[in-house]
Structures are given as structure tokens and as C-alpha cells.
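Source file coords-v2.csv; content: CSV, C-alpha atoms and all ligand atoms.
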```csv
chain,number,residue,atom,x,y,z
A,1,MET,CA,-29.5,49.0,4.9
A,2,SER,CA,-26.8,46.4,4.3
A,3,MET,CA,-25.2,44.6,7.2
A,4,SER,CA,-21.7,44.6,5.8
A,5,LEU,CA,-18.9,44.7,8.3
A,6,PRO,CA,-16.3,47.5,8.3
A,7,PRO,CA,-13.3,46.3,6.2
A,8,ARG,CA,-10.9,45.7,9.1
A,9,LEU,CA,-13.4,43.7,11.0
A,10,ALA,CA,-14.2,41.7,7.9
A,11,ARG,CA,-10.5,40.9,7.4
A,12,LEU,CA,-10.2,39.8,11.0
A,13,ALA,CA,-13.2,37.6,10.7
A,14,GLY,CA,-11.6,36.0,7.6
A,15,VAL,CA,-8.4,35.3,9.4
A,16,ILE,CA,-10.3,33.8,12.3
A,17,ALA,CA,-12.2,31.5,9.9
A,18,ILE,CA,-9.1,30.3,8.2
A,19,ALA,CA,-7.3,29.7,11.6
A,20,ALA,CA,-10.3,27.7,12.8
A,21,PHE,CA,-10.4,25.7,9.6
A,22,THR,CA,-6.7,24.9,9.7
A,23,ALA,CA,-7.0,23.8,13.4
A,24,ALA,CA,-9.9,21.5,12.6
A,25,THR,CA,-8.1,20.0,9.7
A,26,ALA,CA,-4.9,19.4,11.7
A,27,GLN,CA,-7.0,17.7,14.4
A,28,ALA,CA,-8.8,15.5,11.8
A,29,ARG,CA,-5.4,14.5,10.3
A,30,GLY,CA,-4.3,13.2,13.7
A,31,LYS,CA,-0.7,14.4,13.5
A,32,PRO,CA,1.0,17.0,11.4
A,33,ASP,CA,3.4,15.8,8.6
A,34,PRO,CA,6.9,15.0,9.9
A,35,SER,CA,9.5,17.7,9.1
A,36,PRO,CA,12.9,16.8,7.7
A,37,ALA,CA,14.3,17.2,11.3
A,38,ASP,CA,11.6,14.8,12.6
A,39,LEU,CA,12.5,12.2,10.0
A,40,ALA,CA,16.3,12.5,10.7
A,41,ALA,CA,15.6,12.1,14.4
A,42,VAL,CA,13.1,9.2,14.1
A,43,VAL,CA,15.4,6.9,12.2
A,44,GLN,CA,18.0,7.3,14.9
A,45,GLU,CA,15.4,6.9,17.6
A,46,ALA,CA,14.0,3.7,16.0
A,47,TYR,CA,17.5,2.3,15.5
A,48,ALA,CA,18.4,3.0,19.1
A,49,ALA,CA,15.2,1.7,20.5
A,50,PHE,CA,15.4,-1.8,18.9
A,51,LYS,CA,19.1,-2.2,18.3
A,52,ASP,CA,19.5,-4.6,21.3
A,53,VAL,CA,16.4,-6.8,20.6
A,54,LYS,CA,17.8,-10.3,20.0
A,55,ASP,CA,14.5,-12.2,19.5
A,56,GLY,CA,14.0,-14.5,16.5
A,57,ALA,CA,16.6,-16.2,14.3
A,58,ASN,CA,18.0,-15.9,10.8
A,59,ALA,CA,16.2,-18.0,8.1
A,60,ASP,CA,18.1,-21.2,7.7
A,61,TYR,CA,16.1,-23.2,5.2
A,62,ILE,CA,18.3,-21.4,2.7
A,63,PRO,CA,21.6,-22.4,4.3
A,64,GLU,CA,23.5,-19.3,3.2
A,65,LEU,CA,21.0,-17.0,4.9
A,66,ALA,CA,22.0,-18.5,8.3
A,67,LYS,CA,25.5,-17.0,7.7
A,68,VAL,CA,24.4,-13.4,7.4
A,69,PRO,CA,25.5,-11.5,10.6
A,70,SER,CA,22.4,-11.5,12.8
A,71,ASP,CA,23.2,-8.3,14.5
A,72,LEU,CA,23.0,-6.2,11.3
A,73,PHE,CA,20.2,-3.6,11.7
A,74,GLY,CA,19.3,-0.6,9.5
A,75,VAL,CA,16.4,1.8,9.2
A,76,ALA,CA,15.9,4.0,6.2
A,77,ILE,CA,13.3,6.5,4.9
A,78,VAL,CA,13.1,8.0,1.4
A,79,THR,CA,10.6,10.7,0.9
A,80,VAL,CA,8.7,11.4,-2.3
A,81,ASP,CA,11.1,14.4,-2.9
A,82,GLY,CA,14.0,12.0,-2.8
A,83,LYS,CA,15.5,12.9,0.6
A,84,VAL,CA,17.2,10.0,2.4
A,85,TYR,CA,17.2,9.5,6.2
A,86,ALA,CA,19.1,6.5,7.5
A,87,ALA,CA,20.5,4.9,10.6
A,88,GLY,CA,22.5,1.8,11.2
A,89,ASP,CA,23.6,-0.8,8.6
A,90,VAL,CA,21.9,0.8,5.7
A,91,ASP,CA,24.6,0.2,3.1
A,92,TYR,CA,24.9,-3.6,3.6
A,93,ALA,CA,23.5,-5.5,0.5
A,94,PHE,CA,21.1,-8.2,1.7
A,95,SER,CA,19.1,-10.5,-0.5
A,96,ILE,CA,15.8,-8.9,-1.4
A,97,GLN,CA,13.9,-12.3,-1.2
A,98,SER,CA,10.1,-11.9,-1.1
A,99,VAL,CA,10.3,-8.1,-1.1
A,100,SER,CA,11.0,-8.6,-4.8
A,101,LYS,CA,7.5,-10.0,-5.3
A,102,PRO,CA,5.5,-6.8,-5.5
A,103,PHE,CA,8.0,-5.3,-7.9
A,104,THR,CA,7.8,-8.2,-10.4
A,105,ALA,CA,4.0,-8.1,-10.0
A,106,ALA,CA,4.3,-4.4,-11.0
A,107,LEU,CA,6.3,-5.4,-14.1
A,108,VAL,CA,3.6,-7.8,-15.1
A,109,MET,CA,0.9,-5.2,-14.6
A,110,GLU,CA,2.9,-2.8,-16.7
A,111,GLU,CA,3.4,-5.2,-19.6
A,112,LEU,CA,0.1,-7.1,-19.5
A,113,GLY,CA,-2.3,-4.8,-17.6
A,114,ALA,CA,-3.4,-4.9,-14.0
A,115,ASP,CA,-6.2,-7.4,-14.7
A,116,SER,CA,-3.6,-10.0,-15.7
A,117,ILE,CA,-2.7,-10.3,-12.0
A,118,LYS,CA,-6.3,-10.5,-10.9
A,119,ASP,CA,-7.4,-13.0,-13.6
A,120,LYS,CA,-4.3,-15.2,-14.0
A,121,ILE,CA,-3.0,-15.2,-10.4
A,122,GLY,CA,-5.5,-13.8,-7.9
A,123,VAL,CA,-5.5,-11.1,-5.3
A,124,GLU,CA,-6.9,-12.7,-2.2
A,125,PRO,CA,-4.9,-13.1,1.0
A,126,THR,CA,-4.3,-16.7,2.1
A,127,GLY,CA,-3.9,-16.4,5.9
A,128,GLN,CA,-1.3,-19.1,5.4
A,129,PRO,CA,2.5,-19.2,5.3
A,130,PHE,CA,4.4,-17.8,2.3
A,131,ASN,CA,5.2,-21.2,0.8
A,132,ALA,CA,1.9,-22.9,1.6
A,133,VAL,CA,0.8,-25.7,-0.7
A,134,MET,CA,-2.5,-25.9,1.1
A,135,ALA,CA,-3.5,-22.4,-0.1
A,136,VAL,CA,-3.0,-23.6,-3.7
A,137,GLU,CA,-5.2,-26.6,-3.0
A,138,GLN,CA,-7.9,-24.8,-1.1
A,139,ILE,CA,-8.3,-21.4,-2.9
A,140,PRO,CA,-10.0,-21.6,-6.3
A,141,ALA,CA,-7.7,-19.0,-7.8
A,142,ARG,CA,-4.8,-21.5,-7.1
A,143,ALA,CA,-1.8,-19.2,-7.4
A,144,VAL,CA,-3.7,-17.0,-4.9
A,145,ASN,CA,-1.9,-13.7,-5.0
A,146,PRO,CA,1.5,-12.5,-6.4
A,147,LEU,CA,3.0,-12.0,-2.9
A,148,VAL,CA,3.1,-15.7,-1.8
A,149,ASN,CA,5.6,-18.0,-3.4
A,150,ALA,CA,3.0,-19.7,-5.7
A,151,GLY,CA,1.7,-16.4,-7.1
A,152,ALA,CA,5.2,-14.8,-7.2
A,153,MET,CA,6.5,-17.7,-9.4
A,154,ALA,CA,3.4,-17.4,-11.5
A,155,ALA,CA,4.1,-13.7,-11.9
A,156,VAL,CA,7.6,-14.6,-13.1
A,157,SER,CA,6.1,-17.1,-15.5
A,158,LEU,CA,4.0,-14.3,-17.0
A,159,VAL,CA,6.8,-11.8,-17.7
A,160,PRO,CA,7.0,-11.8,-21.5
A,161,ALA,CA,10.4,-12.8,-22.7
A,162,LYS,CA,11.9,-15.1,-25.4
A,163,ASP,CA,14.1,-17.0,-22.9
A,164,PRO,CA,15.0,-17.1,-19.1
A,165,LYS,CA,18.0,-14.8,-19.6
A,166,GLU,CA,15.9,-12.1,-21.2
A,167,LYS,CA,13.3,-12.6,-18.5
A,168,PHE,CA,15.7,-12.1,-15.7
A,169,GLY,CA,17.4,-9.2,-17.5
A,170,LYS,CA,14.0,-7.4,-17.7
A,171,ILE,CA,13.3,-8.1,-14.0
A,172,ILE,CA,16.6,-6.7,-12.7
A,173,LYS,CA,16.5,-3.7,-15.0
A,174,TRP,CA,13.0,-2.9,-13.7
A,175,TYR,CA,14.2,-3.1,-10.1
A,176,GLU,CA,17.2,-0.9,-11.0
A,177,ALA,CA,14.8,1.7,-12.4
A,178,MET,CA,12.7,1.6,-9.3
A,179,ALA,CA,15.9,2.0,-7.2
A,180,GLY,CA,16.9,5.1,-9.1
A,181,GLY,CA,19.1,3.8,-11.9
A,182,VAL,CA,21.6,2.0,-9.8
A,183,ASP,CA,23.3,-1.4,-10.6
A,184,LEU,CA,22.0,-4.1,-8.3
A,185,PRO,CA,24.1,-7.3,-7.8
A,186,VAL,CA,23.0,-10.9,-7.7
A,187,LEU,CA,24.3,-12.4,-4.4
A,188,LYS,CA,25.8,-15.5,-6.0
A,189,ASP,CA,26.3,-17.6,-2.8
A,190,ILE,CA,22.7,-17.0,-1.8
A,191,TYR,CA,21.4,-17.8,-5.2
A,192,ALA,CA,23.5,-21.1,-5.3
A,193,SER,CA,22.3,-22.0,-1.9
A,194,GLU,CA,18.6,-21.5,-2.6
A,195,ALA,CA,18.9,-23.1,-6.1
A,196,ALA,CA,20.3,-26.2,-4.5
A,197,THR,CA,17.4,-26.4,-1.9
A,198,ASN,CA,14.3,-25.0,-3.7
A,199,GLN,CA,12.5,-28.3,-4.4
A,200,HIS,CA,9.5,-27.1,-2.5
A,201,ASN,CA,9.1,-24.1,-4.8
A,202,VAL,CA,9.7,-26.3,-7.8
A,203,ALA,CA,6.9,-28.6,-6.6
A,204,ILE,CA,4.5,-25.6,-6.2
A,205,ALA,CA,5.3,-24.4,-9.7
A,206,TRP,CA,4.5,-27.9,-11.1
A,207,LEU,CA,1.3,-28.0,-9.0
A,208,LEU,CA,0.2,-24.7,-10.6
A,209,LYS,CA,1.1,-26.0,-14.0
A,210,SER,CA,-1.2,-29.0,-13.4
A,211,TYR,CA,-4.0,-26.5,-12.7
A,212,ASP,CA,-3.2,-24.4,-15.8
A,213,ARG,CA,-2.2,-21.5,-13.6
A,214,PHE,CA,1.5,-21.4,-14.6
A,215,TYR,CA,2.5,-19.7,-17.8
A,216,ASP,CA,6.0,-20.8,-18.6
A,217,ASP,CA,8.3,-23.8,-18.1
A,218,PRO,CA,8.1,-24.5,-14.3
A,219,MET,CA,11.8,-25.4,-14.0
A,220,THR,CA,13.3,-22.3,-15.8
A,221,ALA,CA,10.7,-19.9,-14.3
A,222,THR,CA,11.4,-21.2,-10.8
A,223,ASP,CA,15.1,-20.6,-11.4
A,224,VAL,CA,14.5,-17.0,-12.5
A,225,TYR,CA,12.4,-16.5,-9.4
A,226,THR,CA,15.2,-17.9,-7.2
A,227,LYS,CA,17.7,-15.5,-8.9
A,228,GLN,CA,15.3,-12.6,-8.4
A,229,CYS,CA,15.1,-13.4,-4.7
A,230,SER,CA,18.9,-13.3,-4.6
A,231,ILE,CA,19.2,-9.7,-5.9
A,232,GLY,CA,21.1,-7.7,-3.4
A,233,VAL,CA,19.7,-4.4,-2.1
A,234,THR,CA,20.7,-2.0,0.7
A,235,ALA,CA,18.1,-0.6,3.0
A,236,LYS,CA,18.6,2.8,1.3
A,237,GLN,CA,18.1,1.3,-2.2
A,238,LEU,CA,15.0,-0.6,-1.1
A,239,ALA,CA,13.6,2.5,0.4
A,240,MET,CA,14.2,4.3,-2.9
A,241,MET,CA,12.3,1.4,-4.6
A,242,GLY,CA,9.4,1.9,-2.2
A,243,ALA,CA,9.5,5.6,-2.6
A,244,THR,CA,8.8,5.1,-6.3
A,245,LEU,CA,5.6,3.5,-5.3
A,246,ALA,CA,4.9,6.2,-2.7
A,247,ASN,CA,5.4,8.7,-5.4
A,248,GLY,CA,2.8,7.2,-7.7
A,249,GLY,CA,5.3,5.3,-9.9
A,250,VAL,CA,7.8,8.1,-10.6
A,251,ASN,CA,11.3,7.5,-9.1
A,252,PRO,CA,12.1,10.5,-6.8
A,253,ALA,CA,15.8,10.5,-7.6
A,254,THR,CA,15.7,10.3,-11.4
A,255,GLY,CA,12.2,11.9,-11.9
A,256,LYS,CA,11.5,9.2,-14.4
A,257,ARG,CA,8.1,7.5,-14.5
A,258,VAL,CA,8.8,3.8,-13.9
A,259,MET,CA,5.3,2.4,-13.7
A,260,LYS,CA,1.8,3.6,-14.6
A,261,ALA,CA,0.2,5.7,-11.9
A,262,GLU,CA,-3.1,3.7,-12.1
A,263,ASN,CA,-1.3,0.4,-11.2
A,264,VAL,CA,0.2,1.7,-8.0
A,265,PRO,CA,-3.0,1.7,-5.8
A,266,LYS,CA,-3.8,-1.8,-7.0
A,267,LEU,CA,-0.3,-3.1,-6.1
A,268,LEU,CA,-0.5,-1.4,-2.7
A,269,ALA,CA,-3.9,-3.0,-2.1
A,270,VAL,CA,-2.4,-6.5,-2.6
A,271,MET,CA,0.6,-5.6,-0.4
A,272,THR,CA,-1.8,-4.5,2.4
A,273,MET,CA,-3.8,-7.7,2.2
A,274,ALA,CA,-1.0,-10.2,1.6
A,275,GLY,CA,2.4,-8.6,2.1
A,276,PHE,CA,2.8,-10.2,5.6
A,277,TYR,CA,1.2,-13.6,4.8
A,278,ASP,CA,-0.4,-15.0,8.0
A,279,GLU,CA,0.6,-11.9,9.9
A,280,ALA,CA,-1.1,-9.4,7.6
A,281,GLY,CA,-3.8,-8.7,10.1
A,282,THR,CA,-1.4,-7.9,12.9
A,283,TRP,CA,0.6,-5.7,10.6
A,284,ALA,CA,-2.4,-3.8,9.4
A,285,TRP,CA,-3.4,-3.3,13.1
A,286,GLU,CA,0.1,-2.2,14.2
A,287,ALA,CA,1.5,-0.2,11.2
A,288,GLY,CA,-1.5,0.3,9.0
A,289,LEU,CA,0.7,0.5,5.9
A,290,ALA,CA,1.1,-1.4,2.6
A,291,GLY,CA,4.3,-3.4,3.1
A,292,LYS,CA,6.3,-6.4,2.0
A,293,THR,CA,8.6,-8.6,4.0
A,294,GLY,CA,11.4,-11.0,2.9
A,295,VAL,CA,13.3,-13.8,4.7
A,296,GLY,CA,16.5,-11.9,4.0
A,297,GLY,CA,15.3,-9.6,6.8
A,298,GLY,CA,14.2,-6.6,4.7
A,299,ILE,CA,10.8,-5.0,5.0
A,300,VAL,CA,9.5,-2.1,2.8
A,301,ALA,CA,6.4,-0.1,3.9
A,302,VAL,CA,4.8,2.6,1.7
A,303,VAL,CA,3.1,5.8,2.8
A,304,PRO,CA,1.4,7.0,-0.4
A,305,GLY,CA,2.3,10.6,-1.3
A,306,LYS,CA,4.8,10.8,1.5
A,307,MET,CA,7.6,8.2,1.8
A,308,ALA,CA,8.8,4.6,2.0
A,309,ILE,CA,10.2,3.2,5.3
A,310,VAL,CA,12.6,0.3,5.3
A,311,GLY,CA,13.8,-1.9,8.1
A,312,PHE,CA,16.5,-4.5,7.7
A,313,SER,CA,17.5,-7.1,10.3
A,314,PRO,CA,18.1,-10.8,9.7
A,315,ARG,CA,16.4,-12.3,12.7
A,316,LEU,CA,12.8,-13.4,11.9
A,317,ASN,CA,9.7,-14.5,13.8
A,318,LYS,CA,7.7,-17.7,13.0
A,319,ALA,CA,5.9,-16.1,10.1
A,320,GLY,CA,9.3,-15.3,8.4
A,321,ASN,CA,9.0,-11.6,9.1
A,322,SER,CA,12.0,-9.5,10.5
A,323,ILE,CA,11.3,-8.7,14.1
A,324,ARG,CA,13.4,-5.5,14.5
A,325,ALA,CA,12.4,-4.2,11.0
A,326,MET,CA,8.7,-4.6,12.0
A,327,LYS,CA,9.2,-2.9,15.3
A,328,ALA,CA,11.1,0.0,13.7
A,329,ILE,CA,8.5,0.7,11.0
A,330,GLU,CA,5.6,0.3,13.5
A,331,HIS,CA,7.3,2.8,15.8
A,332,ILE,CA,7.7,5.4,13.0
A,333,SER,CA,4.2,4.8,11.7
A,334,ALA,CA,2.7,5.3,15.2
A,335,LYS,CA,4.8,8.3,16.0
A,336,PHE,CA,3.6,10.3,13.0
A,337,GLY,CA,0.1,8.8,12.7
A,338,LEU,CA,1.0,7.3,9.2
A,339,SER,CA,-1.5,4.4,9.3
A,340,MET,CA,-3.8,4.5,6.3
A,341,PHE,CA,-6.7,4.1,8.7
A,342,GLU,CA,-6.1,7.5,10.4
A,343,ALA,CA,-8.4,10.3,9.4
A,344,HIS,CA,-5.9,12.0,7.0
B,1,LIG,N1,13.2,-17.0,-1.9
B,1,LIG,C1,12.4,-17.3,-0.8
B,1,LIG,C2,11.6,-18.5,-1.0
B,1,LIG,O1,11.1,-18.7,-2.1
B,1,LIG,C3,11.6,-16.1,-0.5
B,1,LIG,C4,10.7,-16.3,0.7
B,1,LIG,C5,10.4,-15.1,1.6
B,1,LIG,O2,11.2,-14.1,1.5
B,1,LIG,N2,9.4,-15.1,2.3
B,1,LIG,O3,11.3,-19.3,-0.1
```
Translate this file's structure into C-alpha cells.
Amino acid sequence: MSMSLPPRLARLAGVIAIAAFTAATAQARGKPDPSPADLAAVVQEAYAAFKDVKDGANADYIPELAKVPSDLFGVAIVTVDGKVYAAGDVDYAFSIQSVSKPFTAALVMEELGADSIKDKIGVEPTGQPFNAVMAVEQIPARAVNPLVNAGAMAAVSLVPAKDPKEKFGKIIKWYEAMAGGVDLPVLKDIYASEAATNQHNVAIAWLLKSYDRFYDDPMTATDVYTKQCSIGVTAKQLAMMGATLANGGVNPATGKRVMKAENVPKLLAVMTMAGFYDEAGTWAWEAGLAGKTGVGGGIVAVVPGKMAIVGFSPRLNKAGNSIRAMKAIEHISAKFGLSMFEAH
């Protein structure tokens, strides 16, 4: 005699099994995915929570950056379906600075293959400041990784082009595609200010050249790098650039594939290890997200398959990372259990 259950009981057992499975999965994931209403609320919440934090100071080694109003503060999220959630000063164009570095590395990966970054620059974190000369001296890969100044300039040196004008044109067009087909400006005063004071970076480029780890003329490539750092982005635009990475290389607004899907996890790996320089460990601990900071006060963090989160605030800590931007992103990550180290 078979032991089959009567049909109604069998259906009930099935429903119970599915419910139990769903509950177990939700528990394993830590927290459920944030809804649109959650995201709309959390950007306001993070803005309000940290608006009055006055710690830190604008970068001033680039004189023009000291003039950016210190109280500016914006928080923006763009999801992989292209929805934008924003609070505060999210339409102010600030200089992208080092947040440009992963995007140029992405361009090099696209044009020359991901291994060009690993072989010709390196992918190890330095544990040292962004403009360290010692890292170049100590670490056998020399340029170290594409997210410190040495490696970022080496990445610019690798971008294939017949002259500096074409090189910069390719870089800005690439960023514009990442940002959803918008026009991005070069912030002329910031460019002039950094170009007049970038001798340290010029020295690093020549040092790399002496080790055969620079692939173009050090003077012109450093100038293209300086101009790249002076590209203006708003918090919303930067979040859209990050969302292209979160979305596996397809821009959520245009639906166009910008970069190869297989390069995205490699780029995010380098961002996780090196995006915050000598604060990468603290950042991994607090936020658990691939991210990149810049001395213009912008930070982009990427939640693969979900969203990008951007904070912008000019006051920096000693490592050159924006204090309120870090706090805002850490708050959002913790609230929704977005750390990559959660049991998703
Ligand atoms: N343009 C800046 C520099 O090269 C970028 C540094 C940064 O944002 N950490 O010094």
C-alpha cells in the first residue's frame, strides 16, 4: 500500500516546506533587500545624521581644492535598474580626483586585457598613502596597483592613443559612457592649480620610467592624469558610473554595455584591496564594499548586482578620505547588511 498523502494535505506540506525554505534563506541573507521606499528614506537619514559633522579639512596641497565650500554634503544611490535616490548637494560638480582611477584602469582592461593591469602595473595593496614613493621603492611590482598615484599614472600611460589629446579624449568619453551618456566638464581652475603643483607626481612617473614600468612620456602622461583628476562629476553622476560597475558593466540608464562583464569583478577586487590606501582595512571592516575615494571629497562604493552608493563632502581625514562620505556609506551598508562579507 502506498503512503501517499491526500492531495490537500500534500499541497499544505508543500506550502509549509516553501515557507520554511524562504524563512531560512532570509535569515541566511542577514537582511532583506531594501525597497525603493527604504532607499529613498535612507539617503535622507544618512544626510541628516552626518550633516553637522565638521571633522577634517579640505585638501589644500592642491590650492584650489581648499576653496571648495567645506559644508557641501551629498548622498546618492543609483540602483542597477537605474533609479536615483539622493539627498543634499548632489548636483554640485566636484573634481573626481582619485575616484577616476578605477575607471581608467577599466579602460585599460577593456583595450589591453585584464592581465595588462596585473602584469604591467600590479594589484597588491600598499598599506601606504596614495602618493607614496616608498611603495614604489619597496614593492617589486613598482607601480603597485592602479588605484595609487603611481599605478594610476602608469594606467594612463598604457591607454593606447597617438597623442595626449586623443588619450584624454578617450578617457573622458569612457567616463561619460559610464555616467550614462552625459557631458562631463573639466574643472579648469582645479586643473590649473594641480598642474602648477604636481611635481611630486611628475617625480613618481619618472621613477617608474627608470624601472621600465611607465609606458609613455612621463611629462605628457602625468598631465593627462592631472586633467583626468579634474573632471567634474556630481554625486548623482558618480553614482551612475558606479552603478555601471554594480550592473556588470552595462549602464543602467542607457542599457549599453560599457565594459566587458568579466573585467568587473577583477576591478572590484582591486578597489576592495586598495581603494582606500592605508585605510583599506578599516573600510573593509566598516563598510565591506568595493570603493574608491578621492581628495575632491567623493567616494563611490559598489554593491554588485544591486547599486552604487556615493557620498560627497570636501572635509578629509589624514588618509585623504572624506569623513562624512565614509560615514554615510557605512551607515547605509550596515543598515541593509550590504557588506560583501555577509552571508548573502
Ligand atoms: N589628483 C590627486 C593627486 O594626484 C588625486 C589624489 C587623490 O584623490 N587621492 O594627488
Here is a test: counting all atoms listed in the file, which residue of A:Ala155, A:Ala143, A:Val295, A:Met178 is nearest to ligand LIG 1 (chain B)? A:Val295
Please provide as a ChimeraX atom specification all residues within 9 Å of A:Gly248, with the sequence filter that same-chain residues fewer than 2 positions apart are discarded (counting all atoms listed in the file). /A:243-246,250-251,257,259-265,304-305
Hey, which residues sit close to ligand LIG 1 (chain B)? Say within 8 Å, counting all atoms listed in the file, and write them as number ranges by chain. A: 62, 96-99, 130-131, 148-149, 194, 198, 201, 225-226, 229-230, 293-296, 320-321
Given only C-alpha atoms as the counted atoms, nearest of A:His200, A:Lys335, A:Lys306, A:Lys118 to A:Pro252: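 Closest to A:Pro252 of all the choices is A:Lys306.
Minimum distance to A:Gln44 across A:Ala308, A:Ile332, A:Met340, A:Leu184 (counting only C-alpha atoms) occurs at A:Ile332.
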Would you list the contacts of A:Val84 as an NGL selection string, taking every protein, DNA or RNA residue within 12 Å and counting only C-alpha atoms, but skipping same-chain residues closer than 3 positions in sequence? :A and (36-37 or 39-40 or 43 or 75-81 or 87 or 90 or 235-240 or 243 or 252-253 or 307-310)
Between atom CA of A:Tyr47 and atom CA of A:Ala343, what is the distance in Å, rounded to a tenth?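 For atom CA of A:Tyr47 relative to atom CA of A:Ala343, the distance reads 27.8 Å.
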So what do you get for atom CA of A:Glu176 versus atom CA of A:Val233, distance-wise? 9.9 Å
Which distance in Å separates atom CA of A:Phe73 and atom CA of A:Val303, to one decimal?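 Taking atom CA of A:Phe73 and atom CA of A:Val303, their separation equals 21.4 Å.
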Show which residues sit within 12 Å of stretch 106-111 of chain A, as number ranges by chain. Count only C-alpha atoms, and ignore same-chain residues fewer than 5 positions away. A: 100-101, 116-121, 146-147, 151-161, 167-168, 170-175, 177-178, 241-242, 244-245, 249, 257-268, 270-271
So that I have them on file, write out the residues from the current selection with C-alpha atoms, as a PDB file, in the frame of the given file.
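See result_35.pdb below for the written result:
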```
ATOM      1  CA  SER A 100      11.000  -8.600  -4.800  1.00  0.00           C
ATOM      2  CA  LYS A 101       7.500 -10.000  -5.300  1.00  0.00           C
ATOM      3  CA  SER A 116      -3.600 -10.000 -15.700  1.00  0.00           C
ATOM      4  CA  ILE A 117      -2.700 -10.300 -12.000  1.00  0.00           C
ATOM      5  CA  LYS A 118      -6.300 -10.500 -10.900  1.00  0.00           C
ATOM      6  CA  ASP A 119      -7.400 -13.000 -13.600  1.00  0.00           C
ATOM      7  CA  LYS A 120      -4.300 -15.200 -14.000  1.00  0.00           C
ATOM      8  CA  ILE A 121      -3.000 -15.200 -10.400  1.00  0.00           C
ATOM      9  CA  PRO A 146       1.500 -12.500  -6.400  1.00  0.00           C
ATOM     10  CA  LEU A 147       3.000 -12.000  -2.900  1.00  0.00           C
ATOM     11  CA  GLY A 151       1.700 -16.400  -7.100  1.00  0.00           C
ATOM     12  CA  ALA A 152       5.200 -14.800  -7.200  1.00  0.00           C
ATOM     13  CA  MET A 153       6.500 -17.700  -9.400  1.00  0.00           C
ATOM     14  CA  ALA A 154       3.400 -17.400 -11.500  1.00  0.00           C
ATOM     15  CA  ALA A 155       4.100 -13.700 -11.900  1.00  0.00           C
ATOM     16  CA  VAL A 156       7.600 -14.600 -13.100  1.00  0.00           C
ATOM     17  CA  SER A 157       6.100 -17.100 -15.500  1.00  0.00           C
ATOM     18  CA  LEU A 158       4.000 -14.300 -17.000  1.00  0.00           C
ATOM     19  CA  VAL A 159       6.800 -11.800 -17.700  1.00  0.00           C
ATOM     20  CA  PRO A 160       7.000 -11.800 -21.500  1.00  0.00           C
ATOM     21  CA  ALA A 161      10.400 -12.800 -22.700  1.00  0.00           C
ATOM     22  CA  LYS A 167      13.300 -12.600 -18.500  1.00  0.00           C
ATOM     23  CA  PHE A 168      15.700 -12.100 -15.700  1.00  0.00           C
ATOM     24  CA  LYS A 170      14.000  -7.400 -17.700  1.00  0.00           C
ATOM     25  CA  ILE A 171      13.300  -8.100 -14.000  1.00  0.00           C
ATOM     26  CA  ILE A 172      16.600  -6.700 -12.700  1.00  0.00           C
ATOM     27  CA  LYS A 173      16.500  -3.700 -15.000  1.00  0.00           C
ATOM     28  CA  TRP A 174      13.000  -2.900 -13.700  1.00  0.00           C
ATOM     29  CA  TYR A 175      14.200  -3.100 -10.100  1.00  0.00           C
ATOM     30  CA  ALA A 177      14.800   1.700 -12.400  1.00  0.00           C
ATOM     31  CA  MET A 178      12.700   1.600  -9.300  1.00  0.00           C
ATOM     32  CA  MET A 241      12.300   1.400  -4.600  1.00  0.00           C
ATOM     33  CA  GLY A 242       9.400   1.900  -2.200  1.00  0.00           C
ATOM     34  CA  THR A 244       8.800   5.100  -6.300  1.00  0.00           C
ATOM     35  CA  LEU A 245       5.600   3.500  -5.300  1.00  0.00           C
ATOM     36  CA  GLY A 249       5.300   5.300  -9.900  1.00  0.00           C
ATOM     37  CA  ARG A 257       8.100   7.500 -14.500  1.00  0.00           C
ATOM     38  CA  VAL A 258       8.800   3.800 -13.900  1.00  0.00           C
ATOM     39  CA  MET A 259       5.300   2.400 -13.700  1.00  0.00           C
ATOM     40  CA  LYS A 260       1.800   3.600 -14.600  1.00  0.00           C
ATOM     41  CA  ALA A 261       0.200   5.700 -11.900  1.00  0.00           C
ATOM     42  CA  GLU A 262      -3.100   3.700 -12.100  1.00  0.00           C
ATOM     43  CA  ASN A 263      -1.300   0.400 -11.200  1.00  0.00           C
ATOM     44  CA  VAL A 264       0.200   1.700  -8.000  1.00  0.00           C
ATOM     45  CA  PRO A 265      -3.000   1.700  -5.800  1.00  0.00           C
ATOM     46  CA  LYS A 266      -3.800  -1.800  -7.000  1.00  0.00           C
ATOM     47  CA  LEU A 267      -0.300  -3.100  -6.100  1.00  0.00           C
ATOM     48  CA  LEU A 268      -0.500  -1.400  -2.700  1.00  0.00           C
ATOM     49  CA  VAL A 270      -2.400  -6.500  -2.600  1.00  0.00           C
ATOM     50  CA  MET A 271       0.600  -5.600  -0.400  1.00  0.00           C
TER      51      MET A 271
END
```
From the options A:Val136, A:Asp115, A:Leu338, A:Thr197, which residue's atoms come nearest to A:Phe214, counting only C-alpha atoms?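 Nearest candidate to A:Phe214 out of A:Val136, A:Asp115, A:Leu338, A:Thr197: A:Val136.
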Near-A:Pro63 list (10 Å; all atoms listed in the file; drop same-chain fewer than 6 positions) as a compact mmCIF listing (two decimals) with C-alpha atoms, in the frame of the given file:
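Here's the written file selection_20.txt:
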```txt
# COMPACT_ATOMS: atom_id res chain seq x y z
CA ASP A 189 26.30 -17.60 -2.80
CA ILE A 190 22.70 -17.00 -1.80
CA ALA A 192 23.50 -21.10 -5.30
CA SER A 193 22.30 -22.00 -1.90
CA GLU A 194 18.60 -21.50 -2.60
CA ALA A 196 20.30 -26.20 -4.50
CA THR A 197 17.40 -26.40 -1.90
```
Here is a test: counting all atoms listed in the file, which residue of A:Val144, A:Ala41, A:Ala93, A:Val53 is nearest to A:Phe312?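 Ranking A:Val144, A:Ala41, A:Ala93, A:Val53 by distance to A:Phe312, first place goes to A:Ala93.
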Contacts of A:Ser339 at 12 Å (all atoms listed in the file; same-chain gap of 3+ positions) as a PyMOL selection string: chain A and resi 29-31+272+283-291+301-304+306+329-336+342-344
Of the residues A:Val186, A:Val42, A:Pro140, A:Asp217, which is the one nearest to A:Lys162, using all atoms listed in the file? A:Asp217
